[in-house]
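The structure under discussion appears below in the form of structure tokens.
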Amino acid sequence: MIEHRLQLVTPPTFWALSDSDFEAHSRAMGQPVEQLSPYVQAAINHLEVVSNRRFATQTWRMYLDYFPDTGVITIPYSPLVSVAYVKYTDSIGVQHTFSSSNYGVSTARTPGQIVLEYQKDWPTETLRNTDPIEIEFTCGWPNQASVPTAIRQAIRMLASHFYEHREAVVVGTAAAVDEAELPLAASALIAPWRVFI
């Protein structure tokens with residue numbers, strides 16, 4: 001995959017797992033929600049990174065230095081929902097929008113892709129040196145219920161682990177065994193959902 005840089009444009013408006021769901025799972029009833037949220041968010045962030053997925057709908061910009069030699073640009077985060085635009089800036093600083101009639105967007109593939117249409121080519125203008133190509137895309141599932149069950153369970157388990165082990169664990173103790181086993185269980189749940197790019 002081409003080297004790229006990413007910028008979050010529109011963050012998600014919901015978490016893939018609700019605080020109340022985590023509260024019930026972790027038996028942390030009565031704890032203030034603000035004390036539980038960081039563990040859920042940390043678990044989600046970790047699992048999103050290891051899976052190359054984004055669980056809740058969000059919009060990103062991806063910057064590339066050049067167009068690929070092939071007719072395909074791979075979008076790094078799944079599931080891909082849509083591509084808003086492909087823009088590029090030429091060597092004199094003028095930004096152009098690459099017409100969407102030149103390419104198709106595959107949201108059915110994992111990872112999602114931008115694919116040149118038949119007998120179409122990427123722009124051939126000389127590009128500026130810094131972040132000349134800009135692609136805006138939306139990814140993630142539309143609501144909590146649509147996030148796969150295995151992913152939500154992995155979030156519950158990892159967030160519970162973070163909640164129960166809020167301090168460093170001494171190797172060789174029973175807590176250290178839990179430290180190893182719980183993340184392994186979460187890893188097993190997320191493994192089939194990992195996207196390799």
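To be explicit about the labels: the chains of the structure tokens are called A, B, and onward in the order shown, and within each one the residues are counted from 1, while ligands get numbers from 1 in the order they are shown.
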Exercise. Near range 72-89 of chain A, within 6 Å and counting only C-alpha atoms, which residues show up once chain neighbours fewer than 6 positions away are dropped, as a PyMOL selection string?
Worked result: chain A and resi 52-53+95-98+107+111-115+127+132-140
Convert the current residue selection to file output with C-alpha atoms, as a PDB file, in the first residue's frame.
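Heads up, here's the output in result-v1.pdb:
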```
ATOM      1  CA  ASN A  52      -7.549  -1.669  11.015  1.00  0.00           C
ATOM      2  CA  ARG A  53     -11.259  -1.023  11.418  1.00  0.00           C
ATOM      3  CA  GLN A  95      -6.257  22.009  -6.425  1.00  0.00           C
ATOM      4  CA  HIS A  96      -8.333  19.873  -8.805  1.00  0.00           C
ATOM      5  CA  THR A  97     -11.139  17.399  -8.150  1.00  0.00           C
ATOM      6  CA  PHE A  98     -10.684  14.099  -9.961  1.00  0.00           C
ATOM      7  CA  THR A 107     -17.452  -0.904  -0.343  1.00  0.00           C
ATOM      8  CA  PRO A 111     -10.441  -3.336   2.713  1.00  0.00           C
ATOM      9  CA  GLY A 112     -12.465  -0.963   0.543  1.00  0.00           C
ATOM     10  CA  GLN A 113     -10.940   0.338  -2.660  1.00  0.00           C
ATOM     11  CA  ILE A 114     -11.050   3.136  -5.193  1.00  0.00           C
ATOM     12  CA  VAL A 115     -10.706   1.501  -8.616  1.00  0.00           C
ATOM     13  CA  LEU A 127       2.098  17.304  -8.316  1.00  0.00           C
ATOM     14  CA  PRO A 132      -0.697  16.566  -3.064  1.00  0.00           C
ATOM     15  CA  ILE A 133      -3.470  13.951  -3.103  1.00  0.00           C
ATOM     16  CA  GLU A 134      -6.414  14.240  -0.717  1.00  0.00           C
ATOM     17  CA  ILE A 135      -9.134  11.613  -0.368  1.00  0.00           C
ATOM     18  CA  GLU A 136     -12.067  12.015   1.996  1.00  0.00           C
ATOM     19  CA  PHE A 137     -13.897   8.869   3.039  1.00  0.00           C
ATOM     20  CA  THR A 138     -16.431   7.666   5.583  1.00  0.00           C
ATOM     21  CA  CYS A 139     -16.075   4.347   7.372  1.00  0.00           C
ATOM     22  CA  GLY A 140     -17.594   2.419  10.278  1.00  0.00           C
TER      23      GLY A 140
END
```
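The shortest atom-to-atom distance to Ser20 in chain A, with only C-alpha atoms taken into account, belongs to A:Arg156 out of A:Ala186, A:Ser100, A:Phe162, A:Arg156.
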Problem set entry | Atom-to-atom span, CA of Leu189 in chain A and CA of Ala150 in chain A, Å |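 Computing it gives 5.6 Å between the two atoms.
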Exercise. Nearest to Thr57 in chain A among A:Gln153, A:Ser101, A:Thr13, A:Ser37, with distances taken over only C-alpha atoms: which residue is it?
Worked result: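 Counting only C-alpha atoms, the residue closest to Thr57 in chain A is A:Thr13.
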Residues at most 7 Å from Thr10 in chain A, counting only C-alpha atoms, excluding those fewer than 2 positions away in the same chain, as an mmCIF file with C-alpha atoms, in the first residue's frame?
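Here's the written file result05.cif:
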```cif
data_model
loop_
_atom_site.group_PDB
_atom_site.id
_atom_site.type_symbol
_atom_site.label_atom_id
_atom_site.label_comp_id
_atom_site.auth_asym_id
_atom_site.auth_seq_id
_atom_site.Cartn_x
_atom_site.Cartn_y
_atom_site.Cartn_z
ATOM 1 C CA LEU A 8 -9.872 12.665 11.419
ATOM 2 C CA PRO A 12 -18.063 9.276 15.707
ATOM 3 C CA GLN A 58 -16.619 8.615 11.094
ATOM 4 C CA THR A 59 -15.004 10.627 8.315
ATOM 5 C CA TRP A 60 -11.289 10.785 7.516
#
```
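The spacing separating CA of Phe55 in chain A from CA of Pro148 in chain A amounts to 9.1 Å.
If you measure from each of A:Ser51, A:Ser91, A:Asn102, A:Thr70 to Ile197 in chain A using only C-alpha atoms, the closest one turns out to be A:Ser51.
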Exercise. Out of A:Leu6, A:Val50, A:Gly71, A:Leu158, which residue has the shortest atom-to-atom distance to Pro38 in chain A when counting only C-alpha atoms?
Worked result: A:Leu158
For this session: Could you tell me, as number ranges by chain, which residues of range 23-172 of chain A DSSP assigns to strand (DSSP E or B) when given the backbone?
Result: A: 53, 56, 58-64, 72-74, 78, 80-90, 95-97, 103-106, 113-116, 127, 133-139, 141
Selection from above, N, CA and C atoms, as a compact mmCIF listing (two decimals), in the first residue's frame, can you write it?
```
# COMPACT_ATOMS: atom_id res chain seq x y z
N ARG A 53 -9.85 -1.35 11.63
CA ARG A 53 -11.26 -1.02 11.42
C ARG A 53 -11.62 0.19 12.25
N ALA A 56 -17.47 2.79 14.68
CA ALA A 56 -18.60 3.72 14.56
C ALA A 56 -18.36 4.66 13.38
N GLN A 58 -17.50 7.46 10.97
CA GLN A 58 -16.62 8.61 11.09
C GLN A 58 -16.01 8.94 9.74
N THR A 59 -15.54 10.17 9.60
CA THR A 59 -15.00 10.63 8.32
C THR A 59 -13.54 10.99 8.48
N TRP A 60 -12.74 10.57 7.50
CA TRP A 60 -11.29 10.78 7.52
C TRP A 60 -10.83 11.38 6.19
N ARG A 61 -9.68 12.06 6.24
CA ARG A 61 -8.96 12.45 5.03
C ARG A 61 -7.65 11.68 4.98
N MET A 62 -7.37 11.15 3.81
CA MET A 62 -6.12 10.44 3.58
C MET A 62 -5.30 11.23 2.57
N TYR A 63 -4.03 11.42 2.87
CA TYR A 63 -3.12 12.17 2.00
C TYR A 63 -2.07 11.23 1.43
N LEU A 64 -1.86 11.31 0.12
CA LEU A 64 -0.86 10.50 -0.58
C LEU A 64 0.13 11.41 -1.28
N VAL A 72 -5.64 0.96 -8.51
CA VAL A 72 -6.35 0.77 -7.24
C VAL A 72 -5.71 1.58 -6.12
N ILE A 73 -6.54 2.28 -5.36
CA ILE A 73 -6.13 2.90 -4.10
C ILE A 73 -6.89 2.19 -2.99
N THR A 74 -6.16 1.62 -2.05
CA THR A 74 -6.78 0.91 -0.93
C THR A 74 -7.05 1.88 0.21
N SER A 78 -11.69 -0.05 7.54
CA SER A 78 -12.90 -0.76 7.14
C SER A 78 -13.91 -0.71 8.29
N LEU A 80 -15.58 0.37 4.74
CA LEU A 80 -15.72 1.60 3.97
C LEU A 80 -17.19 1.83 3.65
N VAL A 81 -17.66 3.06 3.89
CA VAL A 81 -19.05 3.42 3.59
C VAL A 81 -19.13 4.18 2.27
N SER A 82 -18.25 5.18 2.10
CA SER A 82 -18.30 6.00 0.89
C SER A 82 -17.01 6.79 0.75
N VAL A 83 -16.78 7.28 -0.46
CA VAL A 83 -15.68 8.21 -0.74
C VAL A 83 -16.31 9.51 -1.22
N ALA A 84 -16.03 10.60 -0.52
CA ALA A 84 -16.63 11.90 -0.87
C ALA A 84 -15.95 12.50 -2.09
N TYR A 85 -14.62 12.40 -2.15
CA TYR A 85 -13.90 12.98 -3.29
C TYR A 85 -12.46 12.50 -3.32
N VAL A 86 -11.86 12.66 -4.49
CA VAL A 86 -10.41 12.51 -4.69
C VAL A 86 -9.94 13.82 -5.28
N LYS A 87 -9.07 14.53 -4.58
CA LYS A 87 -8.54 15.81 -5.06
C LYS A 87 -7.02 15.72 -5.15
N TYR A 88 -6.46 16.56 -6.00
CA TYR A 88 -5.00 16.61 -6.11
C TYR A 88 -4.58 18.04 -6.39
N THR A 89 -3.39 18.40 -5.91
CA THR A 89 -2.86 19.75 -6.08
C THR A 89 -1.64 19.69 -6.97
N ASP A 90 -1.65 20.50 -8.03
CA ASP A 90 -0.53 20.48 -8.98
C ASP A 90 0.65 21.29 -8.47
N GLN A 95 -5.62 23.27 -6.79
CA GLN A 95 -6.26 22.01 -6.42
C GLN A 95 -7.35 21.65 -7.43
N HIS A 96 -7.36 20.39 -7.84
CA HIS A 96 -8.33 19.87 -8.80
C HIS A 96 -9.11 18.73 -8.16
N THR A 97 -10.35 18.56 -8.57
CA THR A 97 -11.14 17.40 -8.15
C THR A 97 -11.14 16.38 -9.28
N TYR A 103 -13.64 6.76 -11.69
CA TYR A 103 -13.34 5.66 -10.78
C TYR A 103 -14.62 5.13 -10.12
N GLY A 104 -14.52 3.91 -9.64
CA GLY A 104 -15.59 3.32 -8.86
C GLY A 104 -15.10 3.11 -7.44
N VAL A 105 -16.03 2.94 -6.52
CA VAL A 105 -15.69 2.71 -5.12
C VAL A 105 -16.28 1.36 -4.71
N SER A 106 -15.41 0.48 -4.24
CA SER A 106 -15.87 -0.83 -3.78
C SER A 106 -15.98 -0.83 -2.27
N GLN A 113 -11.88 -0.14 -1.64
CA GLN A 113 -10.94 0.34 -2.66
C GLN A 113 -11.58 1.38 -3.56
N ILE A 114 -10.71 2.25 -4.08
CA ILE A 114 -11.05 3.14 -5.19
C ILE A 114 -10.40 2.51 -6.42
N VAL A 115 -11.20 2.24 -7.45
CA VAL A 115 -10.71 1.50 -8.62
C VAL A 115 -10.98 2.31 -9.88
N LEU A 116 -9.93 2.52 -10.69
CA LEU A 116 -10.12 3.23 -11.96
C LEU A 116 -11.10 2.49 -12.85
N LEU A 127 2.73 16.99 -9.59
CA LEU A 127 2.10 17.30 -8.32
C LEU A 127 3.04 18.09 -7.41
N ILE A 133 -2.22 14.68 -2.84
CA ILE A 133 -3.47 13.95 -3.10
C ILE A 133 -4.27 13.85 -1.81
N GLU A 134 -5.53 14.23 -1.89
CA GLU A 134 -6.41 14.24 -0.72
C GLU A 134 -7.67 13.44 -1.03
N ILE A 135 -7.95 12.46 -0.20
CA ILE A 135 -9.13 11.61 -0.37
C ILE A 135 -9.94 11.66 0.92
N GLU A 136 -11.21 12.01 0.81
CA GLU A 136 -12.07 12.02 2.00
C GLU A 136 -13.01 10.82 1.93
N PHE A 137 -13.06 10.07 3.02
CA PHE A 137 -13.90 8.87 3.04
C PHE A 137 -14.59 8.71 4.39
N THR A 138 -15.69 7.98 4.37
CA THR A 138 -16.43 7.67 5.58
C THR A 138 -16.39 6.16 5.79
N CYS A 139 -16.18 5.77 7.05
CA CYS A 139 -16.08 4.35 7.37
C CYS A 139 -16.80 4.08 8.69
N TRP A 141 -19.53 1.27 11.15
CA TRP A 141 -20.91 0.82 11.15
C TRP A 141 -21.82 1.95 11.61
```
For this session: Assign secondary structure with DSSP using the backbone only, and return the residues of range 85-169 of chain A in alpha helix (DSSP H) as a list of chain:residue names.
Result: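 Put together, the selection reads A:Thr149, A:Ala150, A:Ile151, A:Arg152, A:Gln153, A:Ala154, A:Ile155, A:Arg156, A:Met157, A:Leu158, A:Ala159, A:Ser160, A:His161, A:Phe162, A:Tyr163, A:Glu164.
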Pull N, CA and C atoms from the residues just selected and write them as a tab-separated table (two decimals), in the first residue's frame.
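Generated output (again_24.tsv):
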```
chain	number	residue	atom	x	y	z
A	149	THR	N	-21.28	-8.81	16.87
A	149	THR	CA	-21.33	-9.27	18.26
A	149	THR	C	-19.95	-9.60	18.80
A	150	ALA	N	-19.12	-10.26	18.01
A	150	ALA	CA	-17.78	-10.63	18.48
A	150	ALA	C	-16.94	-9.41	18.81
A	151	ILE	N	-17.08	-8.36	18.03
A	151	ILE	CA	-16.33	-7.13	18.30
A	151	ILE	C	-16.83	-6.49	19.59
A	152	ARG	N	-18.14	-6.43	19.77
A	152	ARG	CA	-18.68	-5.84	21.00
A	152	ARG	C	-18.27	-6.65	22.23
A	153	GLN	N	-18.22	-7.97	22.08
A	153	GLN	CA	-17.79	-8.80	23.20
A	153	GLN	C	-16.30	-8.58	23.49
A	154	ALA	N	-15.49	-8.43	22.46
A	154	ALA	CA	-14.07	-8.14	22.67
A	154	ALA	C	-13.90	-6.82	23.41
A	155	ILE	N	-14.70	-5.82	23.06
A	155	ILE	CA	-14.65	-4.53	23.75
A	155	ILE	C	-15.02	-4.71	25.22
A	156	ARG	N	-16.11	-5.45	25.49
A	156	ARG	CA	-16.53	-5.70	26.88
A	156	ARG	C	-15.40	-6.33	27.69
A	157	MET	N	-14.79	-7.37	27.11
A	157	MET	CA	-13.76	-8.12	27.84
A	157	MET	C	-12.53	-7.27	28.09
A	158	LEU	N	-12.09	-6.54	27.06
A	158	LEU	CA	-10.88	-5.74	27.23
A	158	LEU	C	-11.14	-4.55	28.16
A	159	ALA	N	-12.30	-3.91	28.04
A	159	ALA	CA	-12.63	-2.80	28.93
A	159	ALA	C	-12.73	-3.29	30.37
A	160	SER	N	-13.32	-4.47	30.59
A	160	SER	CA	-13.40	-5.04	31.94
A	160	SER	C	-12.01	-5.32	32.48
A	161	HIS	N	-11.15	-5.84	31.62
A	161	HIS	CA	-9.77	-6.10	32.02
A	161	HIS	C	-9.07	-4.81	32.45
A	162	PHE	N	-9.23	-3.77	31.65
A	162	PHE	CA	-8.63	-2.48	32.00
A	162	PHE	C	-9.20	-1.96	33.32
A	163	TYR	N	-10.51	-2.15	33.51
A	163	TYR	CA	-11.17	-1.65	34.72
A	163	TYR	C	-10.68	-2.40	35.96
A	164	GLU	N	-10.56	-3.73	35.84
A	164	GLU	CA	-10.16	-4.56	36.99
A	164	GLU	C	-8.68	-4.44	37.31
```
